[in-house]
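K.L.:
So I've got this file, start-v9.pdb, and it contains PDB, C-alpha atoms, pLDDT in the B column:
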MODEL        1
ATOM      1  CA  MET A 114       0.000   0.000   0.000  1.00 49.00           C
ATOM      2  CA  HIS A 115       1.342   3.397  -0.990  1.00 57.00           C
ATOM      3  CA  ARG A 116       1.893   5.973   1.747  1.00 59.00           C
ATOM      4  CA  PRO A 117       2.756   9.601   1.128  1.00 54.00           C
ATOM      5  CA  PRO A 118       5.903  10.843   2.899  1.00 59.00           C
ATOM      6  CA  PRO A 119       4.910  11.878   6.408  1.00 62.00           C
ATOM      7  CA  THR A 120       4.602  15.656   6.532  1.00 63.00           C
ATOM      8  CA  THR A 121       2.980  16.971   9.645  1.00 67.00           C
ATOM      9  CA  ARG A 122       1.015  20.165   9.671  1.00 64.00           C
ATOM     10  CA  ARG A 123       3.673  21.676  11.959  1.00 62.00           C
ATOM     11  CA  GLN A 124       6.511  20.853   9.576  1.00 62.00           C
ATOM     12  CA  PHE A 125       4.616  22.301   6.673  1.00 57.00           C
ATOM     13  CA  LEU A 126       3.857  25.553   8.505  1.00 55.00           C
ATOM     14  CA  GLY A 127       7.429  25.767   9.678  1.00 55.00           C
ATOM     15  CA  PHE A 128       8.669  25.406   6.151  1.00 52.00           C
ATOM     16  CA  ALA A 129       6.128  27.833   4.736  1.00 50.00           C
ATOM     17  CA  SER A 130       6.904  30.542   7.268  1.00 50.00           C
ATOM     18  CA  GLY A 131      10.622  29.957   6.705  1.00 48.00           C
ATOM     19  CA  ALA A 132      10.167  30.508   2.976  1.00 46.00           C
ATOM     20  CA  LEU A 133       8.123  33.614   3.709  1.00 43.00           C
ATOM     21  CA  MET A 134      10.874  34.957   5.958  1.00 44.00           C
ATOM     22  CA  VAL A 135      13.400  34.502   3.191  1.00 41.00           C
ATOM     23  CA  THR A 136      11.321  36.202   0.537  1.00 41.00           C
ATOM     24  CA  LEU A 137      10.311  39.120   2.760  1.00 42.00           C
ATOM     25  CA  ARG A 138      13.764  39.717   4.139  1.00 44.00           C
ATOM     26  CA  PRO A 139      15.059  42.897   2.470  1.00 48.00           C
ATOM     27  CA  ALA A 140      18.664  43.357   1.517  1.00 60.00           C
ATOM     28  CA  GLU A 141      19.774  45.625   4.300  1.00 68.00           C
ATOM     29  CA  ALA A 142      22.900  47.108   5.697  1.00 71.00           C
ATOM     30  CA  THR A 143      23.862  46.058   9.181  1.00 79.00           C
ATOM     31  CA  PRO A 144      25.400  48.036  12.027  1.00 84.00           C
ATOM     32  CA  ALA A 145      28.665  46.284  11.050  1.00 87.00           C
ATOM     33  CA  MET A 146      28.406  47.668   7.512  1.00 89.00           C
ATOM     34  CA  GLN A 147      27.708  51.087   8.968  1.00 89.00           C
ATOM     35  CA  SER A 148      30.820  50.970  11.100  1.00 90.00           C
ATOM     36  CA  SER A 149      32.981  49.731   8.217  1.00 91.00           C
ATOM     37  CA  ALA A 150      31.657  52.563   6.014  1.00 93.00           C
ATOM     38  CA  ILE A 151      32.535  54.976   8.811  1.00 94.00           C
ATOM     39  CA  ARG A 152      36.022  53.438   9.062  1.00 92.00           C
ATOM     40  CA  GLN A 153      36.539  54.067   5.344  1.00 92.00           C
ATOM     41  CA  VAL A 154      35.997  57.770   5.949  1.00 92.00           C
ATOM     42  CA  VAL A 155      37.754  58.289   9.261  1.00 92.00           C
ATOM     43  CA  GLY A 156      40.485  55.651   8.986  1.00 91.00           C
ATOM     44  CA  GLU A 157      42.126  54.984  12.334  1.00 90.00           C
ATOM     45  CA  ALA A 158      41.180  58.358  13.816  1.00 91.00           C
ATOM     46  CA  VAL A 159      39.124  58.580  16.994  1.00 93.00           C
ATOM     47  CA  VAL A 160      35.579  59.837  16.517  1.00 94.00           C
ATOM     48  CA  ARG A 161      34.426  61.876  19.487  1.00 94.00           C
ATOM     49  CA  ALA A 162      30.820  62.634  20.333  1.00 95.00           C
ATOM     50  CA  GLY A 163      29.950  66.315  20.293  1.00 93.00           C
ATOM     51  CA  LYS A 164      29.960  69.491  18.212  1.00 95.00           C
ATOM     52  CA  VAL A 165      27.607  67.932  15.661  1.00 97.00           C
ATOM     53  CA  LYS A 166      23.870  68.438  15.861  1.00 97.00           C
ATOM     54  CA  LEU A 167      21.742  66.119  13.754  1.00 96.00           C
ATOM     55  CA  ASP A 168      18.233  67.411  13.336  1.00 96.00           C
ATOM     56  CA  ILE A 169      15.762  64.750  12.133  1.00 96.00           C
ATOM     57  CA  PRO A 170      12.227  64.141  13.349  1.00 95.00           C
ATOM     58  CA  PRO A 171      12.408  61.216  15.848  1.00 94.00           C
ATOM     59  CA  LEU A 172       9.139  59.761  14.576  1.00 95.00           C
ATOM     60  CA  VAL A 173       8.790  59.600  10.818  1.00 93.00           C
ATOM     61  CA  GLU A 174       5.550  58.723   9.100  1.00 91.00           C
ATOM     62  CA  ASN A 175       6.942  58.330   5.589  1.00 92.00           C
ATOM     63  CA  GLY A 176      10.471  57.034   5.119  1.00 93.00           C
ATOM     64  CA  ASN A 177      10.556  58.125   1.489  1.00 93.00           C
ATOM     65  CA  THR A 178      11.376  61.709   2.291  1.00 94.00           C
ATOM     66  CA  VAL A 179      12.721  62.668   5.686  1.00 96.00           C
ATOM     67  CA  PRO A 180      14.083  66.190   6.209  1.00 97.00           C
ATOM     68  CA  MET A 181      17.506  66.221   7.810  1.00 97.00           C
ATOM     69  CA  THR A 182      19.744  69.084   8.907  1.00 98.00           C
ATOM     70  CA  VAL A 183      23.288  68.722  10.172  1.00 98.00           C
ATOM     71  CA  VAL A 184      24.867  71.644  12.010  1.00 97.00           C
ATOM     72  CA  VAL A 185      28.413  71.609  13.313  1.00 97.00           C
ATOM     73  CA  ASP A 186      29.163  73.947  16.162  1.00 96.00           C
ATOM     74  CA  ASN A 187      32.572  75.102  14.991  1.00 95.00           C
ATOM     75  CA  PRO A 188      33.885  78.384  13.595  1.00 94.00           C
ATOM     76  CA  MET A 189      34.562  78.600   9.862  1.00 95.00           C
ATOM     77  CA  THR A 190      37.959  80.282   9.566  1.00 94.00           C
ATOM     78  CA  PRO A 191      40.868  79.395   7.275  1.00 93.00           C
ATOM     79  CA  ASP A 192      42.768  77.663  10.126  1.00 93.00           C
ATOM     80  CA  ASN A 193      39.826  76.107  11.904  1.00 95.00           C
ATOM     81  CA  HIS A 194      36.873  74.953   9.863  1.00 96.00           C
ATOM     82  CA  VAL A 195      34.698  71.982   9.054  1.00 97.00           C
ATOM     83  CA  LYS A 196      36.024  70.218   5.965  1.00 97.00           C
ATOM     84  CA  SER A 197      33.291  67.674   5.437  1.00 97.00           C
ATOM     85  CA  ILE A 198      30.147  66.149   6.863  1.00 97.00           C
ATOM     86  CA  HIS A 199      29.321  62.479   6.330  1.00 97.00           C
ATOM     87  CA  VAL A 200      25.991  60.830   7.086  1.00 97.00           C
ATOM     88  CA  PHE A 201      25.507  57.087   7.601  1.00 96.00           C
ATOM     89  CA  ASN A 202      22.542  54.821   8.223  1.00 95.00           C
ATOM     90  CA  GLU A 203      22.237  51.443   9.867  1.00 93.00           C
ATOM     91  CA  LYS A 204      19.525  49.573   7.995  1.00 92.00           C
ATOM     92  CA  ASN A 205      19.086  50.897   4.470  1.00 93.00           C
ATOM     93  CA  PRO A 206      20.494  48.571   1.774  1.00 92.00           C
ATOM     94  CA  GLN A 207      23.619  50.736   1.659  1.00 93.00           C
ATOM     95  CA  PRO A 208      25.271  52.347   4.698  1.00 95.00           C
ATOM     96  CA  ASN A 209      26.088  55.717   3.080  1.00 96.00           C
ATOM     97  CA  VAL A 210      23.578  58.541   2.910  1.00 97.00           C
ATOM     98  CA  GLY A 211      25.712  61.413   1.673  1.00 97.00           C
ATOM     99  CA  ASN A 212      29.049  63.199   1.909  1.00 97.00           C
ATOM    100  CA  PHE A 213      29.145  66.991   1.947  1.00 98.00           C
ATOM    101  CA  TYR A 214      32.377  68.929   1.436  1.00 97.00           C
ATOM    102  CA  LEU A 215      32.556  72.514   2.670  1.00 96.00           C
ATOM    103  CA  GLY A 216      35.196  75.187   2.453  1.00 92.00           C
ATOM    104  CA  PRO A 217      36.428  77.798   4.921  1.00 93.00           C
ATOM    105  CA  ASN A 218      34.206  80.393   3.222  1.00 93.00           C
ATOM    106  CA  ALA A 219      31.017  78.538   4.057  1.00 95.00           C
ATOM    107  CA  GLY A 220      30.459  80.858   7.013  1.00 94.00           C
ATOM    108  CA  ARG A 221      28.304  78.304   8.759  1.00 96.00           C
ATOM    109  CA  ALA A 222      28.789  74.534   8.818  1.00 97.00           C
ATOM    110  CA  GLN A 223      25.242  73.531   8.086  1.00 97.00           C
ATOM    111  CA  VAL A 224      23.728  71.350   5.375  1.00 98.00           C
ATOM    112  CA  ALA A 225      20.169  70.209   4.870  1.00 98.00           C
ATOM    113  CA  THR A 226      18.693  67.591   2.576  1.00 98.00           C
ATOM    114  CA  ARG A 227      15.927  64.995   2.453  1.00 97.00           C
ATOM    115  CA  ILE A 228      16.730  61.330   2.923  1.00 97.00           C
ATOM    116  CA  ARG A 229      15.147  57.880   2.647  1.00 95.00           C
ATOM    117  CA  LEU A 230      14.844  55.471   5.556  1.00 95.00           C
ATOM    118  CA  ALA A 231      14.015  51.823   4.912  1.00 92.00           C
ATOM    119  CA  ASP A 232      13.425  51.003   8.577  1.00 91.00           C
ATOM    120  CA  SER A 233      13.514  52.376  12.105  1.00 94.00           C
ATOM    121  CA  GLN A 234      17.190  52.887  12.753  1.00 94.00           C
ATOM    122  CA  LYS A 235      20.055  54.991  13.991  1.00 95.00           C
ATOM    123  CA  ILE A 236      21.492  57.729  11.779  1.00 96.00           C
ATOM    124  CA  THR A 237      25.009  58.972  12.416  1.00 96.00           C
ATOM    125  CA  ALA A 238      26.570  62.204  11.186  1.00 97.00           C
ATOM    126  CA  ILE A 239      30.328  62.700  11.349  1.00 97.00           C
ATOM    127  CA  ALA A 240      32.154  65.982  10.799  1.00 97.00           C
ATOM    128  CA  LYS A 241      35.789  66.236   9.788  1.00 97.00           C
ATOM    129  CA  LEU A 242      37.574  69.349  10.990  1.00 96.00           C
ATOM    130  CA  SER A 243      40.550  71.037   9.367  1.00 95.00           C
ATOM    131  CA  ASP A 244      42.788  69.853  12.249  1.00 94.00           C
ATOM    132  CA  GLY A 245      41.948  66.249  11.295  1.00 94.00           C
ATOM    133  CA  SER A 246      39.669  65.504  14.238  1.00 95.00           C
ATOM    134  CA  PHE A 247      36.295  63.804  13.820  1.00 96.00           C
ATOM    135  CA  TRP A 248      33.117  64.578  15.753  1.00 96.00           C
ATOM    136  CA  SER A 249      29.810  62.785  15.592  1.00 96.00           C
ATOM    137  CA  ALA A 250      26.178  62.674  16.626  1.00 96.00           C
ATOM    138  CA  SER A 251      23.596  59.911  16.317  1.00 96.00           C
ATOM    139  CA  VAL A 252      19.824  59.932  16.385  1.00 96.00           C
ATOM    140  CA  ASP A 253      17.411  57.007  16.703  1.00 96.00           C
ATOM    141  CA  ILE A 254      14.456  57.318  14.384  1.00 96.00           C
ATOM    142  CA  ILE A 255      11.221  55.377  14.278  1.00 95.00           C
ATOM    143  CA  VAL A 256       9.792  54.966  10.783  1.00 94.00           C
ATOM    144  CA  THR A 257       6.181  53.870  10.384  1.00 91.00           C
ATOM    145  CA  LEU A 258       6.088  53.638   6.565  1.00 86.00           C
ATOM    146  CA  ALA A 259       9.423  52.476   5.229  1.00 84.00           C
ATOM    147  CA  ALA A 260      10.948  53.737   1.990  1.00 79.00           C
ATOM    148  CA  CYS A 261       9.942  51.311  -0.724  1.00 68.00           C
ATOM    149  CA  THR A 262      12.863  48.973  -1.201  1.00 62.00           C
ATOM    150  CA  GLU A 263      10.479  46.027  -1.403  1.00 60.00           C
ATOM    151  CA  GLU A 264       7.501  47.539  -3.139  1.00 58.00           C
ATOM    152  CA  VAL A 265       6.673  45.992  -6.479  1.00 60.00           C
ATOM    153  CA  ILE A 266       6.064  48.469  -9.243  1.00 57.00           C
TER     154      ILE A 266
ATOM    155  CA  MET B 150      13.431  66.423 -18.735  1.00 44.00           C
ATOM    156  CA  ALA B 151      15.032  67.907 -15.742  1.00 58.00           C
ATOM    157  CA  ALA B 152      14.445  71.108 -13.918  1.00 88.00           C
ATOM    158  CA  ALA B 153      16.399  72.856 -11.228  1.00 94.00           C
ATOM    159  CA  LEU B 154      15.089  75.205  -8.591  1.00 95.00           C
ATOM    160  CA  ILE B 155      17.694  77.519  -7.092  1.00 96.00           C
ATOM    161  CA  ASN B 156      17.242  79.975  -4.284  1.00 96.00           C
ATOM    162  CA  VAL B 157      20.077  82.465  -3.814  1.00 96.00           C
ATOM    163  CA  PRO B 158      19.593  85.972  -2.381  1.00 97.00           C
ATOM    164  CA  LYS B 159      19.765  88.562  -5.180  1.00 96.00           C
ATOM    165  CA  LYS B 160      21.618  91.049  -2.990  1.00 96.00           C
ATOM    166  CA  ALA B 161      23.840  90.749   0.040  1.00 96.00           C
ATOM    167  CA  LYS B 162      26.243  92.870   2.041  1.00 96.00           C
ATOM    168  CA  ARG B 163      29.905  91.956   1.814  1.00 96.00           C
ATOM    169  CA  GLY B 164      30.662  89.378   4.481  1.00 94.00           C
ATOM    170  CA  ASP B 165      27.060  88.255   4.943  1.00 95.00           C
ATOM    171  CA  ILE B 166      26.508  84.554   5.422  1.00 96.00           C
ATOM    172  CA  ILE B 167      23.887  83.512   2.887  1.00 97.00           C
ATOM    173  CA  GLU B 168      21.915  80.302   2.479  1.00 97.00           C
ATOM    174  CA  ILE B 169      21.746  78.601  -0.902  1.00 97.00           C
ATOM    175  CA  LYS B 170      18.932  76.157  -1.555  1.00 98.00           C
ATOM    176  CA  THR B 171      18.859  73.847  -4.539  1.00 97.00           C
ATOM    177  CA  LEU B 172      16.442  71.267  -5.840  1.00 97.00           C
ATOM    178  CA  MET B 173      16.866  69.116  -8.918  1.00 97.00           C
ATOM    179  CA  SER B 174      13.974  67.065 -10.226  1.00 96.00           C
ATOM    180  CA  HIS B 175      15.119  63.467 -10.522  1.00 95.00           C
ATOM    181  CA  ILE B 176      13.560  60.079  -9.801  1.00 94.00           C
ATOM    182  CA  MET B 177      16.539  58.842  -7.705  1.00 95.00           C
ATOM    183  CA  GLU B 178      15.686  55.201  -8.457  1.00 94.00           C
ATOM    184  CA  THR B 179      17.511  53.262  -5.759  1.00 93.00           C
ATOM    185  CA  GLY B 180      18.245  50.047  -7.641  1.00 92.00           C
ATOM    186  CA  TYR B 181      16.690  48.068  -4.786  1.00 90.00           C
ATOM    187  CA  ARG B 182      13.112  47.936  -6.024  1.00 89.00           C
ATOM    188  CA  HIS B 183      11.603  45.057  -7.985  1.00 87.00           C
ATOM    189  CA  MET B 184       9.192  44.975 -10.849  1.00 86.00           C
ATOM    190  CA  ALA B 185       6.231  42.572 -10.711  1.00 85.00           C
ATOM    191  CA  SER B 186       8.259  40.184 -12.887  1.00 87.00           C
ATOM    192  CA  GLY B 187      10.900  39.994 -10.153  1.00 85.00           C
ATOM    193  CA  GLU B 188      13.508  41.965 -12.074  1.00 89.00           C
ATOM    194  CA  ILE B 189      15.335  44.715 -10.241  1.00 90.00           C
ATOM    195  CA  VAL B 190      14.608  48.241 -11.421  1.00 92.00           C
ATOM    196  CA  PRO B 191      18.064  49.478 -12.449  1.00 94.00           C
ATOM    197  CA  ARG B 192      19.663  52.193 -10.355  1.00 95.00           C
ATOM    198  CA  ASP B 193      19.313  55.720 -11.702  1.00 96.00           C
ATOM    199  CA  ILE B 194      20.477  58.368  -9.245  1.00 97.00           C
ATOM    200  CA  ILE B 195      22.332  61.645  -9.087  1.00 97.00           C
ATOM    201  CA  THR B 196      25.753  60.829  -7.679  1.00 97.00           C
ATOM    202  CA  GLY B 197      27.387  64.217  -7.435  1.00 97.00           C
ATOM    203  CA  PHE B 198      26.580  67.885  -6.904  1.00 98.00           C
ATOM    204  CA  THR B 199      28.971  70.834  -7.100  1.00 98.00           C
ATOM    205  CA  CYS B 200      28.567  74.562  -6.530  1.00 97.00           C
ATOM    206  CA  ARG B 201      31.107  77.112  -7.772  1.00 97.00           C
ATOM    207  CA  TYR B 202      31.180  80.789  -6.819  1.00 97.00           C
ATOM    208  CA  ASN B 203      32.924  82.846  -9.500  1.00 96.00           C
ATOM    209  CA  GLY B 204      34.718  79.728 -10.651  1.00 95.00           C
ATOM    210  CA  ALA B 205      35.924  78.492  -7.261  1.00 96.00           C
ATOM    211  CA  GLU B 206      34.348  75.387  -5.774  1.00 96.00           C
ATOM    212  CA  ILE B 207      32.591  76.226  -2.506  1.00 97.00           C
ATOM    213  CA  PHE B 208      30.493  73.114  -1.930  1.00 97.00           C
ATOM    214  CA  ARG B 209      30.395  69.548  -3.173  1.00 97.00           C
ATOM    215  CA  ALA B 210      28.293  66.521  -2.270  1.00 98.00           C
ATOM    216  CA  ASP B 211      28.351  62.781  -3.003  1.00 97.00           C
ATOM    217  CA  LEU B 212      24.827  61.411  -3.130  1.00 97.00           C
ATOM    218  CA  TYR B 213      23.676  57.829  -2.548  1.00 97.00           C
ATOM    219  CA  PRO B 214      20.355  56.038  -3.081  1.00 95.00           C
ATOM    220  CA  ALA B 215      19.390  57.074   0.464  1.00 96.00           C
ATOM    221  CA  ILE B 216      18.828  60.627  -0.775  1.00 97.00           C
ATOM    222  CA  ALA B 217      15.125  61.184  -1.458  1.00 96.00           C
ATOM    223  CA  ALA B 218      13.756  61.749  -4.960  1.00 95.00           C
ATOM    224  CA  ASN B 219      14.178  65.288  -6.322  1.00 96.00           C
ATOM    225  CA  PRO B 220      17.284  65.943  -4.241  1.00 97.00           C
ATOM    226  CA  PHE B 221      17.071  69.071  -2.129  1.00 97.00           C
ATOM    227  CA  ILE B 222      20.346  70.395  -0.768  1.00 98.00           C
ATOM    228  CA  SER B 223      20.877  73.575   1.188  1.00 98.00           C
ATOM    229  CA  PHE B 224      24.153  75.006   2.441  1.00 98.00           C
ATOM    230  CA  PHE B 225      25.793  78.307   3.346  1.00 97.00           C
ATOM    231  CA  THR B 226      28.496  80.557   2.009  1.00 97.00           C
ATOM    232  CA  THR B 227      29.952  83.989   2.672  1.00 96.00           C
ATOM    233  CA  ALA B 228      29.081  86.686   0.152  1.00 96.00           C
ATOM    234  CA  THR B 229      32.467  88.052  -0.889  1.00 95.00           C
ATOM    235  CA  GLU B 230      31.890  89.651  -4.294  1.00 95.00           C
ATOM    236  CA  SER B 231      29.264  90.119  -6.951  1.00 97.00           C
ATOM    237  CA  GLY B 232      29.161  87.351  -9.446  1.00 96.00           C
ATOM    238  CA  LYS B 233      27.762  84.034 -10.401  1.00 97.00           C
ATOM    239  CA  PHE B 234      26.981  80.765  -8.694  1.00 97.00           C
ATOM    240  CA  GLU B 235      27.173  77.737 -10.954  1.00 97.00           C
ATOM    241  CA  PHE B 236      25.552  74.477  -9.993  1.00 97.00           C
ATOM    242  CA  GLU B 237      26.171  71.090 -11.532  1.00 97.00           C
ATOM    243  CA  TRP B 238      24.526  67.723 -10.989  1.00 97.00           C
ATOM    244  CA  ILE B 239      25.891  64.526 -12.462  1.00 97.00           C
ATOM    245  CA  GLY B 240      24.512  61.024 -12.237  1.00 96.00           C
ATOM    246  CA  ASP B 241      23.859  57.596 -13.676  1.00 97.00           C
ATOM    247  CA  ASN B 242      23.159  57.074 -17.377  1.00 96.00           C
ATOM    248  CA  GLY B 243      25.102  60.182 -18.301  1.00 95.00           C
ATOM    249  CA  PHE B 244      22.847  62.526 -16.353  1.00 96.00           C
ATOM    250  CA  SER B 245      24.302  66.029 -16.323  1.00 96.00           C
ATOM    251  CA  GLU B 246      22.517  69.288 -15.590  1.00 96.00           C
ATOM    252  CA  THR B 247      23.676  72.774 -14.790  1.00 96.00           C
ATOM    253  CA  ALA B 248      22.075  75.903 -13.433  1.00 96.00           C
ATOM    254  CA  SER B 249      23.311  79.293 -12.329  1.00 96.00           C
ATOM    255  CA  ALA B 250      22.329  82.312 -10.266  1.00 96.00           C
ATOM    256  CA  THR B 251      23.778  85.778  -9.883  1.00 97.00           C
ATOM    257  CA  ILE B 252      24.320  87.833  -6.763  1.00 97.00           C
ATOM    258  CA  THR B 253      25.068  91.506  -6.201  1.00 97.00           C
ATOM    259  CA  VAL B 254      27.325  92.159  -3.234  1.00 96.00           C
ATOM    260  CA  GLU B 255      27.485  95.695  -1.890  1.00 92.00           C
TER     261      GLU B 255
ENDMDL
END
Will you turn the file into structure tokens for me?
P.N.:
Amino acid sequence: MHRPPPTTRRQFLGFASGALMVTLRPAEATPAMQSSAIRQVVGEAVVRAGKVKLDIPPLVENGNTVPMTVVVDNPMTPDNHVKSIHVFNEKNPQPNVGNFYLGPNAGRAQVATRIRLADSQKITAIAKLSDGSFWSASVDIIVTLAACTEEVI
Amino acid sequence: MAAALINVPKKAKRGDIIEIKTLMSHIMETGYRHMASGEIVPRDIITGFTCRYNGAEIFRADLYPAIAANPFISFFTTATESGKFEFEWIGDNGFSETASATITVE
């Protein structure tokens, strides 16, 4: 007498939910990718907390366009100025958000743009000063509607 | 079809710190979205932005897919002399656009 291979309901559900997990899992950066992207910018230098102010709403309804302002509390003179500002994310598919290069004539070390967030995550901004030091700030953001990395069009 | 919106003060006093706001219309397709057929929608983003003030570069940015569609960028500079701001965006698939604005410094 022929018997089908024994598949219990539990096994089947386990398999099905496993397959679902795999298909729904987005390609995302990890905190490790974020820190390696940061290392590529700062090298071996120490990144200290402070000076940088990262202004993003802490609760975001739509991750497709999130206003962000980075201000660095540092004078802008030829011998002491902010050279660049780098922004990184933790959970988008790619850890970089943007790099902004300023000059001593900028007058004020402030940039604003609009970014995408694929998930609730921590955003880090790092400023490089003309003396070679690095300063950073991080903000945790909750995103209710993620930017559409998965959406089918 | 691309269009830039630039906001630069028309007049400033010498030494004033002025804000420059720019917006370039662009889809900024991330390269991480799928079509119904399962194919990935190819990446199409602006990768670089530069601003020159009377020929000298005063601001530059590298952009990634995490920048929202129609990239808006604002930054500051010191008004030193009358002249021209030139803006340039470059990106995937040979995208290249320029815009300019003039300022009178008294």
K.L.:
Please identify all polymer residues lying at most 10 Å from the point (18.7, 79.8, -4.6) (file coordinates), using all atoms listed in the file, and present the result as a list in words.
P.N.:
Ala153, Leu154, Ile155, Asn156, Val157, Pro158, Lys159, Ile167, Glu168, Ile169, Lys170, Thr171, Leu172, Ser223, Phe234, Ser249, Ala250 and Thr251 of chain B
K.L.:
Can I get the selection written as a PDB file, in the coordinates of the input, with C-alpha atoms?
P.N.:
ATOM      1  CA  ALA B 153      16.399  72.856 -11.228  1.00 94.00           C
ATOM      2  CA  LEU B 154      15.089  75.205  -8.591  1.00 95.00           C
ATOM      3  CA  ILE B 155      17.694  77.519  -7.092  1.00 96.00           C
ATOM      4  CA  ASN B 156      17.242  79.975  -4.284  1.00 96.00           C
ATOM      5  CA  VAL B 157      20.077  82.465  -3.814  1.00 96.00           C
ATOM      6  CA  PRO B 158      19.593  85.972  -2.381  1.00 97.00           C
ATOM      7  CA  LYS B 159      19.765  88.562  -5.180  1.00 96.00           C
ATOM      8  CA  ILE B 167      23.887  83.512   2.887  1.00 97.00           C
ATOM      9  CA  GLU B 168      21.915  80.302   2.479  1.00 97.00           C
ATOM     10  CA  ILE B 169      21.746  78.601  -0.902  1.00 97.00           C
ATOM     11  CA  LYS B 170      18.932  76.157  -1.555  1.00 98.00           C
ATOM     12  CA  THR B 171      18.859  73.847  -4.539  1.00 97.00           C
ATOM     13  CA  LEU B 172      16.442  71.267  -5.840  1.00 97.00           C
ATOM     14  CA  SER B 223      20.877  73.575   1.188  1.00 98.00           C
ATOM     15  CA  PHE B 234      26.981  80.765  -8.694  1.00 97.00           C
ATOM     16  CA  SER B 249      23.311  79.293 -12.329  1.00 96.00           C
ATOM     17  CA  ALA B 250      22.329  82.312 -10.266  1.00 96.00           C
ATOM     18  CA  THR B 251      23.778  85.778  -9.883  1.00 97.00           C
TER      19      THR B 251
END
K.L.:
For the file shown, report as number ranges by chain the outcome of the PyMOL selection byres ((chain A and resi 153-170) around 9) at residue level.
P.N.:
A: 148-152, 171-173, 179-187, 199, 236-241, 245-252, 254-255
K.L.:
Can I get the selected residues back with C-alpha atoms, as a PDB file, in the coordinates of the input?
P.N.:
ATOM      1  CA  SER A 148      30.820  50.970  11.100  1.00 90.00           C
ATOM      2  CA  SER A 149      32.981  49.731   8.217  1.00 91.00           C
ATOM      3  CA  ALA A 150      31.657  52.563   6.014  1.00 93.00           C
ATOM      4  CA  ILE A 151      32.535  54.976   8.811  1.00 94.00           C
ATOM      5  CA  ARG A 152      36.022  53.438   9.062  1.00 92.00           C
ATOM      6  CA  PRO A 171      12.408  61.216  15.848  1.00 94.00           C
ATOM      7  CA  LEU A 172       9.139  59.761  14.576  1.00 95.00           C
ATOM      8  CA  VAL A 173       8.790  59.600  10.818  1.00 93.00           C
ATOM      9  CA  VAL A 179      12.721  62.668   5.686  1.00 96.00           C
ATOM     10  CA  PRO A 180      14.083  66.190   6.209  1.00 97.00           C
ATOM     11  CA  MET A 181      17.506  66.221   7.810  1.00 97.00           C
ATOM     12  CA  THR A 182      19.744  69.084   8.907  1.00 98.00           C
ATOM     13  CA  VAL A 183      23.288  68.722  10.172  1.00 98.00           C
ATOM     14  CA  VAL A 184      24.867  71.644  12.010  1.00 97.00           C
ATOM     15  CA  VAL A 185      28.413  71.609  13.313  1.00 97.00           C
ATOM     16  CA  ASP A 186      29.163  73.947  16.162  1.00 96.00           C
ATOM     17  CA  ASN A 187      32.572  75.102  14.991  1.00 95.00           C
ATOM     18  CA  HIS A 199      29.321  62.479   6.330  1.00 97.00           C
ATOM     19  CA  ILE A 236      21.492  57.729  11.779  1.00 96.00           C
ATOM     20  CA  THR A 237      25.009  58.972  12.416  1.00 96.00           C
ATOM     21  CA  ALA A 238      26.570  62.204  11.186  1.00 97.00           C
ATOM     22  CA  ILE A 239      30.328  62.700  11.349  1.00 97.00           C
ATOM     23  CA  ALA A 240      32.154  65.982  10.799  1.00 97.00           C
ATOM     24  CA  LYS A 241      35.789  66.236   9.788  1.00 97.00           C
ATOM     25  CA  GLY A 245      41.948  66.249  11.295  1.00 94.00           C
ATOM     26  CA  SER A 246      39.669  65.504  14.238  1.00 95.00           C
ATOM     27  CA  PHE A 247      36.295  63.804  13.820  1.00 96.00           C
ATOM     28  CA  TRP A 248      33.117  64.578  15.753  1.00 96.00           C
ATOM     29  CA  SER A 249      29.810  62.785  15.592  1.00 96.00           C
ATOM     30  CA  ALA A 250      26.178  62.674  16.626  1.00 96.00           C
ATOM     31  CA  SER A 251      23.596  59.911  16.317  1.00 96.00           C
ATOM     32  CA  VAL A 252      19.824  59.932  16.385  1.00 96.00           C
ATOM     33  CA  ILE A 254      14.456  57.318  14.384  1.00 96.00           C
ATOM     34  CA  ILE A 255      11.221  55.377  14.278  1.00 95.00           C
TER      35      ILE A 255
END
K.L.:
With distances taken over all atoms listed in the file, which of B:Ile216, B:Glu206, B:Ile166, B:Arg182 is nearest to Glu235 (chain B)?
P.N.:
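Looking at the shortest contact to Glu235 (chain B), the residue is B:Glu206.
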K.L.:
Interatomic distance between CA of Pro188 (chain A) and CA of Ser231 (chain B)?
P.N.:
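About the pair CA of Pro188 (chain A) and CA of Ser231 (chain B): they are 24.1 Å apart.
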K.L.:
Interatomic distance between CA of Glu255 (chain B) and CA of Lys162 (chain B)?
P.N.:
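Separation of CA of Glu255 (chain B) and CA of Lys162 (chain B): 5.0 Å.
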K.L.:
Just so the selection is clear, what residues does the PyMOL selection byres ((chain B and resi 242) around 9) cover here, as a list in words?
P.N.:
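Applied to this file, the PyMOL selection byres ((chain B and resi 242) around 9) selects Asp193, Ile194, Gly240, Asp241, Gly243 and Phe244 of chain B.
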K.L.:
Work out how far CA of Ser174 (chain B) is from CA of Val200 (chain A), in Å to one decimal.
P.N.:
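About the pair CA of Val200 (chain A) and CA of Ser174 (chain B): they are 22.0 Å apart.
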K.L.:
So that I can see what lies close to Val256 (chain A), please list as JSON, numbers by chain the residues with an atom at most 6 Å from it, counting only C-alpha atoms and leaving out residues fewer than 3 positions away in the same chain.
P.N.:
{"A": [173, 174, 232, 233]}
K.L.:
Please write the residues from the selection above to a file, keeping C-alpha atoms, as a PDB file, in the coordinates of the input.
P.N.:
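Saved the output as part-v1.pdb:
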ATOM      1  CA  VAL A 173       8.790  59.600  10.818  1.00 93.00           C
ATOM      2  CA  GLU A 174       5.550  58.723   9.100  1.00 91.00           C
ATOM      3  CA  ASP A 232      13.425  51.003   8.577  1.00 91.00           C
ATOM      4  CA  SER A 233      13.514  52.376  12.105  1.00 94.00           C
TER       5      SER A 233
END
K.L.:
Output, as lines of an AutoDock Vina configuration file, the centre and edge lengths in Å (one decimal) of the axis-aligned box that contains all listed atoms of region 244-249 of chain A with 5 Å of margin on each side.
P.N.:
center_x = 36.3
center_y = 66.3
center_z = 13.5
size_x = 23.0
size_y = 17.1
size_z = 14.5
